[in-house]
Amino acid sequence: MLRHVAESWVLLLYFDWLMHFRGFQEIHTAVRNSPPRAVGSTAPDDGELSRAVDLACVFYFKPVLCLQRSAAATVQLRRCGWNAEMVIGAQLLPFQSHAWVEIDGRVINDKPYITEIFQVLERC
């Protein structure tokens with residue numbers, strides 16, 4: 001678990017850097033270009049990996065945005081063999097955007113009803 005927390009923290013740092021110096025398109029490209037790896041039966045479950053990302057967020061040196069967190073979680077899950085998707089959605093009134101992670105249509109790192117609040121704009 002500690003290894004996954006450390007890897008998640010590094011991913012948070014990477015996506016923070018991308019967000020500030022390269023922009024949204026680079027984050028999108030980085031997530032899209034990280035295919036799921038084939039791993040054996042010893043892969044950690046998705047809940048454990050999601051908790052590792054959450055714990056890395058606690059130890060991060062500044063508040064973590066949902067896009068940064070979801071990008072890191074998606075890449076971490078894919079590294080462990082999960083077919084995770086980062087989902088970006090928006091609501092019109094009041095206008096808000098949000099990002100979360102799904103595996104086979106199941107929300108992983110947010111409340112399950114988030115899909116009822118936000119209209120999906122992009123999946124990667």
# chains A, B, ... in the order shown; residues from 1 in each chain; ligands from 1
call {"tool": "residues_around", "arguments": {"residues": "region 50-62 of chain A", "least_positions_apart": "4", "cutoff": "10 Å", "atoms": "only C-alpha atoms", "output": "number ranges by chain"}}
result
A: 1-13, 45-46, 68-70, 72-74, 76-77, 101, 108-110
call {"tool": "select_by_dssp", "arguments": {"residues": "chain A", "states": "strand (DSSP E or B)", "output": "list of chain:residue names"}}
result
A:Ala84, A:Glu85, A:Met86, A:Val87, A:Ile88, A:Gly89, A:Ala90, A:Gln91, A:Gln96, A:Ser97, A:His98, A:Ala99, A:Trp100, A:Val101, A:Glu102, A:Ile103, A:Arg106, A:Val107, A:Gln119, A:Val120, A:Leu121, A:Glu122, A:Arg123
call {"tool": "atom_distance", "arguments": {"atom1": "CA of Arg37 (chain A)", "atom2": "CA of Gly89 (chain A)"}}
result
26.2 Å
call {"tool": "residues_around", "arguments": {"residues": "Glu102 (chain A)", "least_positions_apart": "5", "cutoff": "8 Å", "atoms": "only C-alpha atoms", "output": "list in words"}}
result
Ala84, Glu85, Met86, Val87, Val107, Ile108 and Asn109 of chain A
call {"tool": "write_last_selection", "arguments": {"atoms": "all heavy atoms", "output": "tab-separated table (two decimals), in the first residue's frame"}}
result
chain	number	residue	atom	x	y	z
A	84	ALA	N	-9.50	1.73	-16.41
A	84	ALA	CA	-10.12	2.93	-15.83
A	84	ALA	C	-10.26	4.02	-16.88
A	84	ALA	O	-9.45	4.12	-17.80
A	84	ALA	CB	-9.27	3.43	-14.67
A	85	GLU	N	-11.30	4.83	-16.70
A	85	GLU	CA	-11.53	5.99	-17.56
A	85	GLU	C	-11.65	7.24	-16.71
A	85	GLU	O	-12.36	7.23	-15.69
A	85	GLU	CB	-12.87	5.87	-18.30
A	85	GLU	CG	-12.89	4.97	-19.48
A	85	GLU	CD	-14.24	5.07	-20.18
A	85	GLU	OE1	-15.29	4.94	-19.50
A	85	GLU	OE2	-14.23	5.28	-21.40
A	86	MET	N	-10.98	8.30	-17.12
A	86	MET	CA	-11.20	9.59	-16.49
A	86	MET	C	-12.39	10.22	-17.21
A	86	MET	O	-12.43	10.26	-18.44
A	86	MET	CB	-9.98	10.50	-16.61
A	86	MET	CG	-10.18	11.84	-15.92
A	86	MET	SD	-8.70	12.87	-15.86
A	86	MET	CE	-8.55	13.36	-17.57
A	87	VAL	N	-13.35	10.70	-16.44
A	87	VAL	CA	-14.56	11.29	-16.99
A	87	VAL	C	-14.60	12.76	-16.58
A	87	VAL	O	-14.37	13.10	-15.43
A	87	VAL	CB	-15.83	10.57	-16.48
A	87	VAL	CG1	-17.07	11.16	-17.11
A	87	VAL	CG2	-15.74	9.07	-16.74
A	107	VAL	N	-18.48	4.38	-10.76
A	107	VAL	CA	-17.66	5.48	-10.22
A	107	VAL	C	-16.74	4.93	-9.14
A	107	VAL	O	-17.18	4.24	-8.22
A	107	VAL	CB	-18.56	6.61	-9.66
A	107	VAL	CG1	-17.71	7.71	-9.06
A	107	VAL	CG2	-19.47	7.15	-10.75
A	108	ILE	N	-15.46	5.27	-9.26
A	108	ILE	CA	-14.45	4.73	-8.34
A	108	ILE	C	-14.05	5.73	-7.26
A	108	ILE	O	-13.97	5.40	-6.10
A	108	ILE	CB	-13.18	4.31	-9.13
A	108	ILE	CG1	-13.53	3.22	-10.14
A	108	ILE	CG2	-12.06	3.86	-8.20
A	108	ILE	CD1	-14.09	1.97	-9.52
A	109	ASN	N	-13.77	6.97	-7.64
A	109	ASN	CA	-13.17	7.91	-6.68
A	109	ASN	C	-14.10	9.06	-6.29
A	109	ASN	O	-13.65	10.13	-5.94
A	109	ASN	CB	-11.86	8.46	-7.23
A	109	ASN	CG	-12.06	9.39	-8.41
A	109	ASN	OD1	-13.07	9.32	-9.11
A	109	ASN	ND2	-11.11	10.27	-8.64
call {"tool": "residues_around", "arguments": {"residues": "Phe118 (chain A)", "least_positions_apart": "6", "cutoff": "12 Å", "atoms": "only C-alpha atoms", "output": "list of chain:residue names"}}
result
A:Val87, A:Ile88, A:Gly89, A:Ala90, A:Gln91, A:Leu92, A:Leu93, A:Pro94, A:Phe95, A:Gln96, A:Ser97, A:His98, A:Ala99, A:Trp100, A:Lys111, A:Pro112
call {"tool": "write_last_selection", "arguments": {"atoms": "C-alpha atoms", "output": "PDB file, in the first residue's frame"}}
result
ATOM      1  CA  VAL A  87     -14.563  11.291 -16.995  1.00  0.00           C
ATOM      2  CA  ILE A  88     -15.014  15.042 -17.296  1.00  0.00           C
ATOM      3  CA  GLY A  89     -18.472  16.478 -16.812  1.00  0.00           C
ATOM      4  CA  ALA A  90     -20.282  19.765 -16.356  1.00  0.00           C
ATOM      5  CA  GLN A  91     -23.543  21.108 -15.024  1.00  0.00           C
ATOM      6  CA  LEU A  92     -25.132  24.239 -16.430  1.00  0.00           C
ATOM      7  CA  LEU A  93     -26.806  25.930 -13.467  1.00  0.00           C
ATOM      8  CA  PRO A  94     -24.831  26.903 -11.553  1.00  0.00           C
ATOM      9  CA  PHE A  95     -22.011  26.194 -13.970  1.00  0.00           C
ATOM     10  CA  GLN A  96     -19.516  23.719 -12.562  1.00  0.00           C
ATOM     11  CA  SER A  97     -17.155  21.207 -14.049  1.00  0.00           C
ATOM     12  CA  HIS A  98     -15.850  18.089 -12.381  1.00  0.00           C
ATOM     13  CA  ALA A  99     -13.649  15.065 -13.082  1.00  0.00           C
ATOM     14  CA  TRP A 100     -13.928  11.550 -11.701  1.00  0.00           C
ATOM     15  CA  LYS A 111     -19.949   9.467  -4.928  1.00  0.00           C
ATOM     16  CA  PRO A 112     -21.924   7.019  -7.097  1.00  0.00           C
TER      17      PRO A 112
END
call {"tool": "select_by_dssp", "arguments": {"residues": "chain A", "states": "helix (DSSP H, G or I)", "output": "count of residues only"}}
result
61
call {"tool": "atom_distance", "arguments": {"atom1": "CA of Glu122 (chain A)", "atom2": "CA of Phe15 (chain A)"}}
result
17.9 Å
call {"tool": "residues_around", "arguments": {"residues": "His28 (chain A)", "least_positions_apart": "2", "cutoff": "10 Å", "atoms": "only C-alpha atoms", "output": "PyMOL selection string"}}
result
chain A and resi 18+23-26+30-33+67+71+86+122-124
call {"tool": "write_last_selection", "arguments": {"atoms": "N, CA and C atoms", "output": "tab-separated table (two decimals), in the first residue's frame"}}
result
chain	number	residue	atom	x	y	z
A	18	LEU	N	2.02	19.50	-15.09
A	18	LEU	CA	1.39	19.59	-16.41
A	18	LEU	C	0.30	20.67	-16.43
A	23	GLY	N	-0.87	22.77	-19.61
A	23	GLY	CA	-2.29	22.96	-19.87
A	23	GLY	C	-3.09	21.67	-19.93
A	24	PHE	N	-4.40	21.87	-20.06
A	24	PHE	CA	-5.35	20.76	-20.04
A	24	PHE	C	-5.07	19.73	-21.13
A	25	GLN	N	-4.74	20.18	-22.33
A	25	GLN	CA	-4.54	19.26	-23.44
A	25	GLN	C	-3.44	18.24	-23.14
A	26	GLU	N	-2.39	18.67	-22.46
A	26	GLU	CA	-1.31	17.74	-22.11
A	26	GLU	C	-1.75	16.73	-21.05
A	30	ALA	N	-1.74	12.79	-21.74
A	30	ALA	CA	-1.02	11.89	-20.84
A	30	ALA	C	-1.93	10.76	-20.33
A	31	VAL	N	-3.16	11.10	-19.99
A	31	VAL	CA	-4.10	10.07	-19.52
A	31	VAL	C	-4.48	9.14	-20.67
A	32	ARG	N	-4.80	9.72	-21.82
A	32	ARG	CA	-5.20	8.92	-22.97
A	32	ARG	C	-4.09	7.97	-23.40
A	33	ASN	N	-2.84	8.39	-23.28
A	33	ASN	CA	-1.71	7.57	-23.75
A	33	ASN	C	-1.18	6.60	-22.69
A	67	LEU	N	-9.40	17.34	-11.25
A	67	LEU	CA	-8.77	16.90	-12.50
A	67	LEU	C	-7.43	16.25	-12.23
A	71	ALA	N	-6.85	12.29	-12.84
A	71	ALA	CA	-5.82	11.89	-13.79
A	71	ALA	C	-4.83	10.94	-13.12
A	86	MET	N	-10.98	8.30	-17.12
A	86	MET	CA	-11.20	9.59	-16.49
A	86	MET	C	-12.39	10.22	-17.21
A	122	GLU	N	-16.51	14.33	-21.68
A	122	GLU	CA	-15.37	13.61	-22.26
A	122	GLU	C	-15.01	12.41	-21.41
A	123	ARG	N	-14.60	11.36	-22.07
A	123	ARG	CA	-14.05	10.18	-21.42
A	123	ARG	C	-12.69	9.89	-22.03
A	124	CYS	N	-11.71	9.67	-21.19
A	124	CYS	CA	-10.40	9.31	-21.74
A	124	CYS	C	-9.70	8.32	-20.82
call {"tool": "closest_residue", "arguments": {"among": "A:Ala38, A:Val120, A:Ile114, A:Gly47", "to": "Gly81 (chain A)", "atoms": "only C-alpha atoms"}}
result
A:Ala38
call {"tool": "decode", "arguments": {"residues": "region 84-96 of chain A", "atoms": "all heavy atoms", "output": "compact mmCIF listing (two decimals), in the first residue's frame"}}
result
# COMPACT_ATOMS: atom_id res chain seq x y z
N ALA A 84 -9.50 1.73 -16.41
CA ALA A 84 -10.12 2.93 -15.83
C ALA A 84 -10.26 4.02 -16.88
O ALA A 84 -9.45 4.12 -17.80
CB ALA A 84 -9.27 3.43 -14.67
N GLU A 85 -11.30 4.83 -16.70
CA GLU A 85 -11.53 5.99 -17.56
C GLU A 85 -11.65 7.24 -16.71
O GLU A 85 -12.36 7.23 -15.69
CB GLU A 85 -12.87 5.87 -18.30
CG GLU A 85 -12.89 4.97 -19.48
CD GLU A 85 -14.24 5.07 -20.18
OE1 GLU A 85 -15.29 4.94 -19.50
OE2 GLU A 85 -14.23 5.28 -21.40
N MET A 86 -10.98 8.30 -17.12
CA MET A 86 -11.20 9.59 -16.49
C MET A 86 -12.39 10.22 -17.21
O MET A 86 -12.43 10.26 -18.44
CB MET A 86 -9.98 10.50 -16.61
CG MET A 86 -10.18 11.84 -15.92
SD MET A 86 -8.70 12.87 -15.86
CE MET A 86 -8.55 13.36 -17.57
N VAL A 87 -13.35 10.70 -16.44
CA VAL A 87 -14.56 11.29 -16.99
C VAL A 87 -14.60 12.76 -16.58
O VAL A 87 -14.37 13.10 -15.43
CB VAL A 87 -15.83 10.57 -16.48
CG1 VAL A 87 -17.07 11.16 -17.11
CG2 VAL A 87 -15.74 9.07 -16.74
N ILE A 88 -14.89 13.61 -17.56
CA ILE A 88 -15.01 15.04 -17.30
C ILE A 88 -16.45 15.43 -17.60
O ILE A 88 -16.98 15.10 -18.66
CB ILE A 88 -14.04 15.85 -18.16
CG1 ILE A 88 -12.60 15.43 -17.83
CG2 ILE A 88 -14.24 17.35 -17.95
CD1 ILE A 88 -11.57 15.94 -18.79
N GLY A 89 -17.08 16.10 -16.65
CA GLY A 89 -18.47 16.48 -16.81
C GLY A 89 -18.71 17.91 -16.39
O GLY A 89 -17.84 18.56 -15.81
N ALA A 90 -19.91 18.40 -16.72
CA ALA A 90 -20.28 19.77 -16.36
C ALA A 90 -21.76 19.82 -16.05
O ALA A 90 -22.54 18.98 -16.51
CB ALA A 90 -19.95 20.73 -17.50
N GLN A 91 -22.13 20.79 -15.24
CA GLN A 91 -23.54 21.11 -15.02
C GLN A 91 -23.73 22.57 -15.42
O GLN A 91 -22.80 23.37 -15.30
CB GLN A 91 -23.99 20.84 -13.60
CG GLN A 91 -23.52 21.83 -12.57
CD GLN A 91 -24.09 21.54 -11.19
OE1 GLN A 91 -24.51 20.44 -10.90
NE2 GLN A 91 -24.09 22.55 -10.35
N LEU A 92 -24.91 22.90 -15.90
CA LEU A 92 -25.13 24.24 -16.43
C LEU A 92 -25.45 25.27 -15.36
O LEU A 92 -24.91 26.37 -15.37
CB LEU A 92 -26.24 24.21 -17.48
CG LEU A 92 -25.88 23.45 -18.76
CD1 LEU A 92 -27.05 23.44 -19.72
CD2 LEU A 92 -24.66 24.07 -19.40
N LEU A 93 -26.38 24.95 -14.46
CA LEU A 93 -26.81 25.93 -13.47
C LEU A 93 -26.67 25.38 -12.06
O LEU A 93 -27.36 24.41 -11.73
CB LEU A 93 -28.26 26.34 -13.71
CG LEU A 93 -28.50 27.11 -15.00
CD1 LEU A 93 -29.98 27.32 -15.20
CD2 LEU A 93 -27.77 28.43 -14.99
N PRO A 94 -25.89 25.96 -11.21
CA PRO A 94 -24.83 26.90 -11.55
C PRO A 94 -23.73 26.17 -12.30
O PRO A 94 -23.52 24.96 -12.08
CB PRO A 94 -24.33 27.39 -10.20
CG PRO A 94 -24.60 26.25 -9.28
CD PRO A 94 -25.86 25.60 -9.80
N PHE A 95 -23.02 26.87 -13.17
CA PHE A 95 -22.01 26.19 -13.97
C PHE A 95 -20.91 25.67 -13.07
O PHE A 95 -20.35 26.38 -12.25
CB PHE A 95 -21.40 27.11 -15.03
CG PHE A 95 -20.37 26.38 -15.84
CD1 PHE A 95 -20.76 25.52 -16.84
CD2 PHE A 95 -19.03 26.51 -15.55
CE1 PHE A 95 -19.81 24.80 -17.56
CE2 PHE A 95 -18.07 25.81 -16.27
CZ PHE A 95 -18.47 24.95 -17.27
N GLN A 96 -20.62 24.39 -13.26
CA GLN A 96 -19.52 23.72 -12.56
C GLN A 96 -18.99 22.63 -13.48
O GLN A 96 -19.75 22.04 -14.25
CB GLN A 96 -19.99 23.03 -11.28
CG GLN A 96 -20.20 23.91 -10.11
CD GLN A 96 -20.52 23.06 -8.88
OE1 GLN A 96 -21.39 22.20 -8.92
NE2 GLN A 96 -19.80 23.29 -7.80
